[in-house]
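J.: Just passing along the structure, written as C-alpha cells.
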Amino acid sequence: MGDFNESVVLDAIRRHPAGLSRVELAQATGLSAQTVSNITRRLLDRGVARESGKHNTGSGKPRTLLEIVPTSRYAVGVHLDPAVITCVLVDLLGTVVAQRSQRTPSGGDTDGITADMAASVSALIAEAGIDSGRVLGLGIAAPGPIDASVGWVMDPPELPGWGRYPLRERLSEATGLPALLDKDVTAAVVAERWAGAATDSRNLLFFYLGTGSGMGLVVEDTVLRGVSGNAGEVGGLGAGCSTRTLVDEAIALGVLGAEYTVLDPADAQRGLKRLAELAAGGEAQADGIIERLALRIGRGVCAAATLLDVDTVVFGGPIWQLLADRLLTTIEPMVARSPFVRATHPTAVVSTTLGENVAAVGAASLVLDQALSAQPRSLLLT
C-alpha cells in the first residue's frame, strides 16, 4: 500500500511540470498531510524528486515546490518493427536521451536477431554514460499477435520465421534487465499519455500507421489490452491497412513501376514515400489511393471514438509522418461532421509529438508506467 501511495504522489508531481507543494499534493491526491510528508521525504532522499523553488500564496509562509528529477532513473525501449528495429533510452519524463536503429534482418534467425537487439541495448546505455543501476527496466513493443501472459510473439504476419518466440524472456536474460512486452499500438498509446500529445487526457484513441495499422485505447486513464493483450485490431472496422497493400495497389494501377515491387517491409516504405511525393505533386491516381485510405481510417476512427466516448484522437507511427497532412485533410472533417463524436464534448484530432519512434518511446514508457504510475484498480488508503 505504501508503494501505491508513493506512485500516487509521483504521478501527481509528474503531471504538474511547474511543481506542486506538499499542501497541493495532499489536495490533489486525497492523502493525509503526514502521508504526503513521509513519501516526499523518501523521494527526496532517493533523488527521484527535488525542491524546485517557492510559491507565494499571498498569505502565510511561501510553500516549497517539488518536481521530478528526470535524470534520476531511466528506461529502455525496443520496437521490433518488420522494417526497422529501434532502441531508445528515456528519462523519467519520457524524454529520449539516446537512440539507435537498424534495418530488421530478414529470415528466421530469431536468436541471432535477439542477440543483436540485446547488444544494441547494452551499447546504448554505455554510450549514454548511464549507470545501469539507474535503469528501471526494458520495454519491448512488437507487432501482434502476442501472448502477454508469457511474453511471446505469436507468428506475426509481417515477420516470417519468428513463429512462437519467447522474446521477453530472451531479451531479459541477454540484457540483465527486467522486461515487459506489449503490442506496438498499445505501447504507442502509453507513450502519448506519458510524454506525448495526450498527457492531459484520460480517454483517448491512438491510431498507429506503420508496417501495419492498429489502435491503442485508453478509457478513464486505464489502457485497454483485452484478454490476451491483443486489443486494438482494426480490420473489423474496415480501417486495417499495410504499407505493402498500398504499394501493391499503386503498382497494379501503374502509379508506381515494377522497381517498387515489395520484397520486404523496408521496400514497402520506399514505395510509399514515392507514392506520397506523387500525390503531393498532383498525380490524381496517387492521391486517390491515399484518399481511399483516409476514408477507411476516418470511418474506423469515428466508430471507435463514438463507442469509447474519447476526447482525444492521436495519429502516429513510422508511416504516418509521410502522409499526415494529406490524411488529416480528410479525417479531421469526418470527425467534426460525425453526429456522435462531438455530441456532448469536443474531440481533439492531433498528430503525435513523439515522432516516428513513438512505439519505441512507448516501449520504454511501459516500464515507467508500471514503476511510477498509480493504477486505478488499486486501493488508495489515506
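Ordering of the C-alpha cells sets the chain letters (A, B, ...); residue numbers start at 1 within each chain; ligands are numbered from 1 in the order shown.
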Find the residues around stretch 215-232 of chain A up to 8 Å (only C-alpha atoms counted), leave out those fewer than 6 positions away in its own chain, and share them as a PyMOL selection string.
T.: chain A and resi 144-149+182-183+185-190+201-208+308+310+375-376
J.: Can you list every residue of stretch 163-275 of chain A that has an atom at most 7 Å from stretch 68-87 of chain A, with its nearest atom pair and the distance in Å to one decimal, using only C-alpha atoms, ordered by chain then number, as a tab-separated table?
T.:
residue	atom	partner	partner_atom	distance
A:Thr211	CA	A:Pro82	CA	6.8
A:Pro265	CA	A:Ala83	CA	4.9
A:Ala266	CA	A:Ala83	CA	4.7
J.: With C-alpha atoms retained, export the selected residues as a PDB file, in the first residue's frame.
T.:
ATOM      1  CA  THR A 211       4.069  -1.554 -41.490  1.00  0.00           C
ATOM      2  CA  PRO A 265       8.714  -4.240 -45.327  1.00  0.00           C
ATOM      3  CA  ALA A 266      11.573  -1.781 -45.821  1.00  0.00           C
TER       4      ALA A 266
END
J.: Per DSSP on the backbone, what are the strand (DSSP E) residues of stretch 148-277 of chain A, as an NGL selection string?
T.: :A and (152-154 or 164-165 or 179-183 or 204-209 or 213-219 or 222-223)
J.: Counting only C-alpha atoms, give me one row per residue of stretch 141-248 of chain A with an atom at most 9 Å from an atom of stretch 108-123 of chain A, showing the shortest contact pair and its distance in Å to one decimal, sorted by chain then residue number, as JSON lines.
T.:
{"residue": "A:Leu159", "atom": "CA", "partner": "A:Gly108", "partner_atom": "CA", "distance": 8.3}
{"residue": "A:Pro160", "atom": "CA", "partner": "A:Gly108", "partner_atom": "CA", "distance": 6.7}
{"residue": "A:Gly161", "atom": "CA", "partner": "A:Gly108", "partner_atom": "CA", "distance": 4.1}
{"residue": "A:Trp162", "atom": "CA", "partner": "A:Gly108", "partner_atom": "CA", "distance": 5.6}
{"residue": "A:Gly163", "atom": "CA", "partner": "A:Gly108", "partner_atom": "CA", "distance": 8.6}
{"residue": "A:Tyr165", "atom": "CA", "partner": "A:Thr110", "partner_atom": "CA", "distance": 7.9}
{"residue": "A:Leu167", "atom": "CA", "partner": "A:Thr114", "partner_atom": "CA", "distance": 7.5}
{"residue": "A:Arg170", "atom": "CA", "partner": "A:Thr114", "partner_atom": "CA", "distance": 7.3}
{"residue": "A:Leu171", "atom": "CA", "partner": "A:Ala118", "partner_atom": "CA", "distance": 6.1}
{"residue": "A:Ser172", "atom": "CA", "partner": "A:Ala118", "partner_atom": "CA", "distance": 8.5}
{"residue": "A:Ala174", "atom": "CA", "partner": "A:Ala118", "partner_atom": "CA", "distance": 5.9}
{"residue": "A:Thr175", "atom": "CA", "partner": "A:Ala118", "partner_atom": "CA", "distance": 5.6}
J.: Identify, on the basis of only C-alpha atoms, every residue whose closest approach to A:Gly254 does not exceed 10 Å; exclude the query and any residue fewer than 4 positions from it along the same chain; express the result as a ChimeraX atom specification.
T.: /A:248-250,258,285-286
J.: Write out as JSON, numbers by chain all residues of stretch 129-253 of chain A that backbone DSSP assigns to alpha helix (DSSP H).
T.: {"A": [167, 168, 169, 170, 171, 172, 173, 174, 175, 184, 185, 186, 187, 188, 189, 190, 191, 192, 193, 194, 195, 243, 244, 245, 246, 247, 248, 249, 250, 251, 252]}
